[in-house]
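Coordinates from query-v1.txt are shown below (compact mmCIF, C-alpha atoms).
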# COMPACT_ATOMS: atom_id res chain seq x y z
CA MET A 22 8.67 -10.57 4.27
CA PRO A 23 9.57 -9.17 0.84
CA ILE A 24 8.91 -5.48 0.42
CA SER A 25 6.52 -6.23 -2.44
CA THR A 26 4.03 -7.72 0.01
CA PHE A 27 2.80 -6.55 3.38
CA ARG A 28 0.40 -7.58 6.09
CA ILE A 29 -3.05 -6.00 6.21
CA PRO A 30 -3.60 -4.26 9.57
CA ASP A 31 -5.30 -6.59 12.03
CA ALA A 32 -7.70 -3.78 12.90
CA MET A 33 -9.14 -3.61 9.38
CA PRO A 34 -11.65 -6.51 9.65
CA LYS A 35 -12.94 -5.05 12.93
CA ALA A 36 -13.25 -1.59 11.40
CA LEU A 37 -15.15 -3.05 8.45
CA LYS A 38 -17.65 -4.72 10.77
CA THR A 39 -18.10 -1.39 12.57
CA ILE A 40 -19.39 0.16 9.35
CA GLY A 41 -21.53 -2.87 8.53
CA VAL A 42 -19.28 -4.53 5.97
CA ASP A 43 -18.73 -8.29 6.01
CA PRO A 44 -14.96 -8.84 5.46
CA ALA A 45 -15.66 -12.12 3.63
CA ILE A 46 -17.94 -10.39 1.12
CA LEU A 47 -15.33 -7.68 0.55
CA LEU A 48 -12.70 -10.32 -0.20
CA ARG A 49 -15.00 -11.98 -2.70
CA LYS A 50 -15.76 -8.69 -4.46
CA SER A 51 -12.03 -7.93 -4.53
CA SER A 52 -11.24 -11.31 -6.14
CA LEU A 53 -8.95 -12.13 -3.20
CA PRO A 54 -8.53 -15.49 -1.43
CA PRO A 55 -11.45 -16.07 0.99
CA THR A 56 -9.02 -17.24 3.69
CA LEU A 57 -6.93 -14.06 3.58
CA TRP A 58 -7.84 -13.05 7.14
CA THR A 59 -8.90 -16.36 8.65
CA SER A 60 -5.54 -17.93 7.77
CA GLY A 61 -3.86 -15.50 10.17
CA LYS A 62 -1.50 -14.24 7.46
CA GLY A 63 -3.34 -11.42 5.70
CA VAL A 64 -0.43 -10.75 3.33
CA VAL A 65 -1.19 -8.90 0.07
CA THR A 66 0.55 -7.13 -2.79
CA THR A 67 -0.04 -3.44 -3.40
CA ASP A 68 -2.39 -4.23 -6.29
CA GLN A 69 -4.41 -6.59 -4.09
CA TRP A 70 -4.59 -3.87 -1.44
CA PHE A 71 -5.90 -1.49 -4.09
CA ALA A 72 -8.52 -4.06 -5.13
CA LEU A 73 -9.93 -4.07 -1.58
CA TRP A 74 -10.33 -0.31 -1.57
CA ARG A 75 -11.91 -0.28 -5.02
CA ALA A 76 -14.52 -2.84 -3.99
CA LEU A 77 -15.40 -1.24 -0.65
CA PRO A 78 -17.59 1.58 -2.08
CA GLU A 79 -19.85 -1.09 -3.59
CA LEU A 80 -20.70 -2.28 -0.06
CA VAL A 81 -21.11 1.09 1.67
CA ASP A 82 -23.54 3.72 0.46
CA ASP A 83 -21.68 6.59 2.07
CA PRO A 84 -19.31 8.85 0.08
CA ALA A 85 -17.71 9.99 3.34
CA ILE A 86 -16.78 6.54 4.61
CA GLY A 87 -13.08 6.94 3.77
CA LEU A 88 -12.97 10.11 5.84
CA LYS A 89 -14.67 8.44 8.81
CA LEU A 90 -12.65 5.22 8.98
CA PRO A 91 -9.50 6.53 10.77
CA ALA A 92 -11.54 7.72 13.75
CA LEU A 93 -13.20 4.30 14.09
CA VAL A 94 -9.97 2.39 14.83
CA PRO A 95 -8.95 2.48 18.53
CA LEU A 96 -5.35 3.53 19.10
CA GLU A 97 -4.48 0.23 20.79
CA GLN A 98 -5.23 -1.58 17.52
CA HIS A 99 -2.89 0.59 15.43
CA HIS A 100 0.40 -0.54 13.93
CA PRO A 101 3.44 0.21 16.18
CA ILE A 102 4.58 3.00 13.86
CA SER A 103 1.22 4.74 14.25
CA ILE A 104 1.44 4.33 18.01
CA ALA A 105 4.92 5.84 17.97
CA ALA A 106 3.65 8.79 15.91
CA GLN A 107 0.72 9.30 18.28
CA HIS A 108 3.12 9.70 21.21
CA ALA A 109 5.56 12.02 19.44
CA ARG A 110 6.60 15.40 20.85
CA THR A 111 4.90 17.58 18.22
CA PHE A 112 2.75 17.27 15.10
CA ARG A 113 5.91 17.68 12.98
CA ASP A 114 7.67 14.94 14.93
CA ALA A 115 4.67 12.67 14.43
CA LEU A 116 4.59 13.17 10.66
CA GLN A 117 8.34 12.66 10.38
CA ARG A 118 8.15 9.40 12.33
CA LEU A 119 5.40 8.15 10.05
CA ALA A 120 7.43 9.07 6.98
CA ARG A 121 10.53 7.34 8.34
CA TYR A 122 8.86 4.04 9.22
CA LYS A 123 5.93 3.90 6.76
CA ILE A 124 7.65 1.34 4.56
CA LEU A 125 7.56 -1.16 7.46
CA CYS A 126 3.80 -1.63 7.23
CA CYS A 127 3.10 -1.20 3.51
CA ALA A 128 4.78 -0.62 0.16
CA GLU A 129 4.25 3.11 0.43
CA GLU A 130 6.48 6.15 0.67
CA MET A 131 5.34 9.20 2.60
CA LEU A 132 6.82 12.42 1.24
CA ILE A 133 7.05 15.62 3.34
CA VAL A 134 8.17 18.93 1.83
CA GLU A 135 8.28 22.19 3.78
CA GLY A 136 8.59 25.63 2.23
CA ASN A 137 6.84 29.02 1.97
CA GLU A 138 5.16 28.46 5.33
CA GLU A 139 3.50 25.29 4.00
CA CYS A 140 4.08 21.60 4.62
CA ARG A 141 3.05 19.36 1.74
CA VAL A 142 2.39 15.68 2.51
CA GLY A 143 2.03 13.18 -0.32
CA PHE A 144 2.20 9.43 -0.79
CA ASN A 145 3.86 7.28 -3.40
CA TRP A 146 2.69 3.69 -3.73
CA ILE A 147 5.70 1.82 -5.05
CA LEU A 148 5.65 -1.47 -6.95
CA SER A 149 2.27 -0.76 -8.54
CA ARG A 150 1.35 0.32 -12.04
CA GLU A 151 -2.10 1.45 -10.91
CA PHE A 152 -3.34 4.69 -9.38
CA ALA A 153 -4.32 4.52 -5.72
CA PRO A 154 -8.12 4.20 -5.30
CA PRO A 155 -9.86 7.45 -4.25
CA LEU A 156 -11.24 5.86 -1.08
CA LEU A 157 -7.73 4.90 0.03
CA ILE A 158 -6.54 8.46 -0.60
CA ASP A 159 -9.46 9.75 1.49
CA THR A 160 -8.58 7.47 4.39
CA THR A 161 -4.87 8.24 4.20
CA PHE A 162 -5.39 12.01 4.27
CA ALA A 163 -8.06 11.79 6.95
CA SER A 164 -5.68 9.74 9.10
CA MET A 165 -3.14 12.61 8.96
CA VAL A 166 -5.74 15.04 10.27
CA GLU A 167 -6.94 12.52 12.85
CA LEU A 168 -3.35 12.05 14.05
CA GLY A 169 -3.04 15.80 14.63
CA ARG A 170 -6.38 16.06 16.38
CA ARG A 171 -5.76 13.11 18.67
CA GLY A 172 -2.29 14.25 19.60
CA THR A 173 -2.92 17.96 20.13
CA ARG A 174 -6.51 17.68 21.36
CA GLN A 175 -7.15 20.60 19.04
CA PRO A 176 -9.37 20.85 15.91
CA VAL A 177 -6.40 20.59 13.53
CA ARG A 178 -7.27 21.64 9.98
CA ALA A 179 -5.41 21.31 6.72
CA LEU A 180 -4.53 24.45 4.80
CA ARG A 181 -5.49 22.85 1.50
CA VAL A 182 -6.23 19.42 0.00
CA GLU A 183 -5.41 18.58 -3.60
CA LEU A 184 -7.09 15.64 -5.34
CA ALA A 185 -6.31 14.37 -8.82
CA ARG A 186 -9.86 13.12 -9.37
CA ASN A 187 -12.89 14.91 -10.82
CA ASP A 188 -14.84 17.36 -8.68
CA GLU A 189 -17.36 15.43 -6.57
CA HIS A 190 -18.77 15.91 -3.04
CA ARG A 191 -16.74 19.10 -2.61
CA GLU A 192 -18.79 20.35 0.36
CA LEU A 193 -18.36 17.03 2.15
CA TYR A 194 -14.56 17.12 1.83
CA GLU A 195 -14.23 20.79 2.73
CA ALA A 196 -16.39 20.28 5.82
CA HIS A 197 -14.25 17.38 7.01
CA PHE A 198 -10.83 18.89 6.36
CA GLY A 199 -11.93 22.41 7.25
CA CYS A 200 -10.19 23.92 4.23
CA PRO A 201 -10.52 24.44 0.46
CA VAL A 202 -10.25 21.29 -1.66
CA LYS A 203 -8.88 21.47 -5.19
CA PHE A 204 -9.79 18.82 -7.76
CA LYS A 205 -8.16 17.73 -11.05
CA THR A 206 -4.70 18.50 -9.70
CA GLN A 207 -1.52 16.85 -10.96
CA ARG A 208 -1.13 14.75 -7.82
CA ASN A 209 -2.81 14.01 -4.51
CA ALA A 210 -1.55 15.96 -1.50
CA ILE A 211 -2.63 17.39 1.82
CA ILE A 212 -1.05 20.68 2.86
CA PHE A 213 -0.70 21.99 6.42
CA ARG A 214 0.50 25.33 7.76
CA THR A 215 4.11 25.01 8.83
CA SER A 216 3.25 26.79 12.08
CA ASP A 217 0.67 24.09 12.91
CA LEU A 218 3.41 21.48 12.88
CA ASN A 219 4.80 23.03 16.05
CA PHE A 220 1.68 22.14 18.05
CA PRO A 221 2.79 19.98 21.03
CA PHE A 222 1.19 16.59 21.54
CA VAL A 223 -0.48 16.13 24.91
CA THR A 224 -0.01 12.40 24.26
CA TYR A 225 3.81 12.78 24.20
CA ASN A 226 5.45 9.81 25.94
CA ALA A 227 9.25 9.85 25.93
CA GLU A 228 9.58 6.48 27.68
CA LEU A 229 7.35 4.74 25.15
CA LEU A 230 9.27 6.26 22.25
CA ALA A 231 12.55 5.14 23.82
CA MET A 232 11.21 1.58 23.84
CA LEU A 233 9.68 1.58 20.35
CA GLY A 234 12.29 3.63 18.49
CA PRO A 235 15.31 1.28 18.61
CA GLY A 236 13.23 -1.71 17.55
CA LEU A 237 11.70 0.15 14.62
CA ASP A 238 15.14 1.43 13.57
CA ARG A 239 16.59 -2.08 13.63
CA GLU A 240 13.72 -3.45 11.57
CA LEU A 241 14.05 -0.56 9.12
CA ALA A 242 17.78 -1.17 8.70
CA ARG A 243 17.19 -4.89 8.19
CA ARG A 244 14.50 -4.29 5.58
CA LYS A 245 16.63 -1.84 3.64
CA ALA A 246 19.68 -4.12 3.71
CA ASP A 247 17.89 -7.37 2.93
CA GLN A 248 15.08 -6.38 0.64
CA THR A 249 16.87 -4.07 -1.74
CA LEU A 250 18.28 -7.09 -3.53
CA ILE A 251 14.91 -8.85 -3.54
CA VAL A 252 13.27 -5.84 -5.21
CA LYS A 253 16.05 -5.75 -7.81
CA VAL A 254 15.66 -9.47 -8.51
CA LYS A 255 11.93 -9.09 -9.13
CA TRP A 256 12.53 -6.06 -11.33
CA VAL A 257 15.08 -8.01 -13.42
CA LEU A 258 12.71 -10.98 -13.65
CA GLY A 259 9.93 -8.73 -14.88
CA LYS A 260 12.25 -7.27 -17.51
CA LEU A 261 13.50 -10.65 -18.74
CA LEU A 262 10.21 -12.56 -18.72
CA GLY A 263 8.83 -13.55 -22.11
CA GLY A 264 9.36 -16.80 -23.98
CA ASN A 265 11.70 -18.86 -21.83
CA PRO A 266 11.75 -17.85 -18.15
CA PRO A 267 15.14 -16.54 -16.92
CA ASP A 268 17.24 -18.72 -14.63
CA ILE A 269 19.17 -17.61 -11.56
CA MET A 270 22.46 -17.41 -13.49
CA THR A 271 20.97 -14.94 -15.98
CA VAL A 272 19.52 -12.79 -13.21
CA ALA A 273 22.79 -12.87 -11.25
CA LYS A 274 24.67 -11.71 -14.35
CA GLU A 275 22.24 -8.81 -14.76
CA LEU A 276 22.86 -7.81 -11.14
CA GLY A 277 26.62 -8.14 -11.45
CA ILE A 278 27.05 -10.81 -8.76
CA SER A 279 27.67 -14.55 -8.78
CA SER A 280 24.77 -16.97 -8.86
CA ARG A 281 26.07 -18.54 -5.63
CA THR A 282 25.99 -15.17 -3.84
CA LEU A 283 22.53 -14.44 -5.19
CA GLN A 284 21.25 -17.83 -4.06
CA ARG A 285 22.70 -17.30 -0.56
CA ARG A 286 21.20 -13.83 -0.21
CA ILE A 287 17.78 -15.04 -1.37
CA THR A 288 17.88 -17.94 1.09
CA GLU A 289 18.87 -15.60 3.94
CA GLU A 290 15.83 -13.50 3.13
CA GLY A 291 13.66 -16.56 3.77
CA THR A 292 12.47 -17.09 0.22
CA SER A 293 13.61 -18.82 -2.97
CA PHE A 294 14.32 -17.94 -6.59
CA ARG A 295 11.32 -20.01 -7.61
CA GLN A 296 9.07 -18.05 -5.26
CA LEU A 297 10.40 -14.72 -6.51
CA LEU A 298 9.76 -15.80 -10.09
CA SER A 299 6.22 -16.78 -9.11
CA ASP A 300 5.68 -13.45 -7.32
CA ALA A 301 6.95 -11.50 -10.33
CA ARG A 302 4.68 -13.45 -12.66
CA HIS A 303 1.70 -12.98 -10.36
CA GLU A 304 2.12 -9.20 -10.16
CA LEU A 305 2.65 -8.87 -13.91
CA ALA A 306 -0.29 -11.17 -14.64
CA ARG A 307 -2.69 -8.87 -12.79
CA HIS A 308 -1.31 -5.92 -14.74
CA TYR A 309 -1.52 -7.65 -18.13
CA LEU A 310 -5.05 -8.90 -17.54
CA LEU A 311 -6.21 -5.31 -17.17
CA GLN A 312 -5.00 -4.51 -20.69
CA PRO A 313 -7.96 -4.96 -23.08
CA THR A 314 -5.74 -5.48 -26.13
CA LEU A 315 -3.86 -8.51 -24.74
CA GLU A 316 -5.19 -12.00 -25.36
CA LEU A 317 -4.70 -14.66 -22.70
CA GLY A 318 -2.26 -16.54 -24.91
CA GLU A 319 -0.15 -13.41 -25.30
CA THR A 320 -0.22 -12.85 -21.55
CA ALA A 321 1.00 -16.41 -20.95
CA TYR A 322 3.90 -15.83 -23.36
CA LEU A 323 4.84 -12.48 -21.77
CA LEU A 324 5.00 -14.24 -18.40
CA GLY A 325 7.38 -16.88 -19.73
CA TYR A 326 5.00 -19.87 -19.85
CA GLU A 327 5.41 -22.44 -22.60
CA ASP A 328 1.67 -22.82 -23.06
CA PRO A 329 -1.50 -21.09 -21.80
CA ASN A 330 -2.54 -24.10 -19.70
CA SER A 331 0.53 -23.72 -17.49
CA PHE A 332 -0.40 -20.09 -16.94
CA PHE A 333 -4.02 -20.99 -16.16
CA ARG A 334 -2.95 -23.54 -13.53
CA ALA A 335 -0.56 -21.08 -11.89
CA PHE A 336 -3.13 -18.29 -11.87
CA ARG A 337 -5.73 -20.53 -10.25
CA GLU A 338 -3.24 -21.25 -7.46
CA TRP A 339 -2.64 -17.52 -6.98
CA GLU A 340 -6.19 -16.22 -7.13
CA GLY A 341 -8.46 -19.24 -6.74
CA MET A 342 -10.06 -18.63 -10.16
CA THR A 343 -9.19 -18.66 -13.85
CA PRO A 344 -7.69 -15.60 -15.59
CA SER A 345 -10.97 -15.06 -17.46
CA GLU A 346 -12.99 -15.17 -14.23
CA TRP A 347 -10.61 -12.76 -12.53
CA LYS A 348 -10.70 -10.40 -15.49
CA MET A 349 -14.49 -10.39 -15.52
CA ALA A 350 -14.74 -9.91 -11.74
CA HIS A 351 -12.20 -7.08 -11.77
CA ARG A 352 -13.96 -5.26 -14.58
CA ASN A 353 -17.31 -5.61 -12.81

Go ahead and render the structure in this file as structure tokens.
Amino acid sequence: MPISTFRIPDAMPKALKTIGVDPAILLRKSSLPPTLWTSGKGVVTTDQWFALWRALPELVDDPAIGLKLPALVPLEQHHPISIAAQHARTFRDALQRLARYKILCCAEEMLIVEGNEECRVGFNWILSREFAPPLLIDTTFASMVELGRRGTRQPVRALRVELARNDEHRELYEAHFGCPVKFKTQRNAIIFRTSDLNFPFVTYNAELLAMLGPGLDRELARRKADQTLIVKVKWVLGKLLGGNPPDIMTVAKELGISSRTLQRRITEEGTSFRQLLSDARHELARHYLLQPTLELGETAYLLGYEDPNSFFRAFREWEGMTPSEWKMAHRN
């Protein structure tokens, strides 16, 4: 699977039902294909993932829902990397395992920086031009605290939480995290005491880690080796799009390899140049449609289509609606 797309956790539809949200209605409000989960694939881009989290607050009248969600998902329904983290030796070991393998389950980097008796944990959503939705940030940070509490069986608290958004529901956040919360910061981060990272996990399971670790390492190595080129191809396509779409020879020249080698590597990855071009156009289309100053005709040109009708047909295949309908639904 290309790194630009990832599979939505199987536990998410069940968690949504737990809080009274119909997954089908959420998909409709997010302008996503109605068969996303029923098809058994559940594969989305980062921007589509963001769309889900932006639409969710419209269906739940609870500002704390993002903080509550991590505790609602049973451990047995977690992704293997979360299970590995839950059975780590210490809280530090758990966070480091998450950071190492995070890219296997979503297009997200987890950044850990220790210093001055503090451990700062932040997240970088790659391959997206949009800011992560606040509700997703809430859930991500709450899951870090929940990981510590489940593993140590202690009321783990953050030292400080920093949120880039405006000040809202401060008491709610401070009560959940058990620490001061700063708003209007430069970036989102959750900070723990370095000493708290040494807390041992009562859930530590060396045998389970010995079974999961090698498999995760192999998959990580494969992703890094195979998908680096795919990411570069899509980046080059995005740079060259406009007017006439680039062909594989032009892209290969930009990458400094032969077109035959590029074709072979793309085929080995289980995709095609045509599919990568379509993926690049799809991601850029969603970005361009959010720009109020761009007309649909201009968007079609920037994506390398000869005429707007070709763009409209392609977009309907991607999203199940016209560009105008998607634009209106997204703005709403």

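Here the question is which of A:Asp300, A:Glu316, A:Glu327, A:Asp82 gets nearest to Trp339 in chain A using only C-alpha atoms, and that residue is A:Asp300.
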
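Using all atoms listed in the file, the contacts of range 228-239 of chain A at a cut-off of 8 Å, with sequence neighbours closer than 6 positions omitted, comprise Pro101, Ile102, Ala105, His108, Ala109 and Tyr122 of chain A.
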
Output C-alpha atoms for every residue in the selection just made, as a compact mmCIF listing (two decimals), in the coordinates of the input.
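File produced: selection_36.txt:
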# COMPACT_ATOMS: atom_id res chain seq x y z
CA PRO A 101 3.44 0.21 16.18
CA ILE A 102 4.58 3.00 13.86
CA ALA A 105 4.92 5.84 17.97
CA HIS A 108 3.12 9.70 21.21
CA ALA A 109 5.56 12.02 19.44
CA TYR A 122 8.86 4.04 9.22

> Could you name the residues that touch Arg113 in chain A at 9 Å or less, counting only C-alpha atoms, but leaving out those on the same chain fewer than 3 positions away, as a PyMOL selection string?
Replying inline: chain A and resi 109-110+116-118+215+217-221

What lies within 10 Å of Tyr194 in chain A using all atoms listed in the file, ignoring chain neighbours under 4 positions off, as a PDB file with C-alpha atoms, in the frame of the given file?
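Output below, filename selection_32.pdb:
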ATOM      1  CA  PRO A  84     -19.310   8.850   0.080  1.00  0.00           C
ATOM      2  CA  ALA A  85     -17.710   9.990   3.340  1.00  0.00           C
ATOM      3  CA  LEU A  88     -12.970  10.110   5.840  1.00  0.00           C
ATOM      4  CA  ASP A 159      -9.460   9.750   1.490  1.00  0.00           C
ATOM      5  CA  ALA A 163      -8.060  11.790   6.950  1.00  0.00           C
ATOM      6  CA  VAL A 182      -6.230  19.420   0.000  1.00  0.00           C
ATOM      7  CA  GLU A 189     -17.360  15.430  -6.570  1.00  0.00           C
ATOM      8  CA  HIS A 190     -18.770  15.910  -3.040  1.00  0.00           C
ATOM      9  CA  PHE A 198     -10.830  18.890   6.360  1.00  0.00           C
ATOM     10  CA  GLY A 199     -11.930  22.410   7.250  1.00  0.00           C
ATOM     11  CA  CYS A 200     -10.190  23.920   4.230  1.00  0.00           C
ATOM     12  CA  PRO A 201     -10.520  24.440   0.460  1.00  0.00           C
ATOM     13  CA  VAL A 202     -10.250  21.290  -1.660  1.00  0.00           C
TER      14      VAL A 202
END

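Taking CA of Ala32 in chain A and CA of Pro95 in chain A as endpoints, the distance between them is 8.5 Å.
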
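By all atoms listed in the file, and with residues fewer than 4 positions from Gln69 in chain A along its chain excluded, the set lying at most 8 Å from it is A:Ser51, A:Leu53, A:Val65, A:Leu73.
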
>> List the spatial neighbours of Val254 in chain A as a VMD selection string - criterion: any atom at most 9 Å away, all atoms listed in the file, same-chain residues fewer than 5 positions off excluded.
In response: chain A and resid 249 259 272 to 273 276 294 297 to 298

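Residue nearest Pro329 in chain A, chosen from A:Leu157, A:Ser164, A:Arg49, A:Thr343 and counting all atoms listed in the file: A:Thr343.
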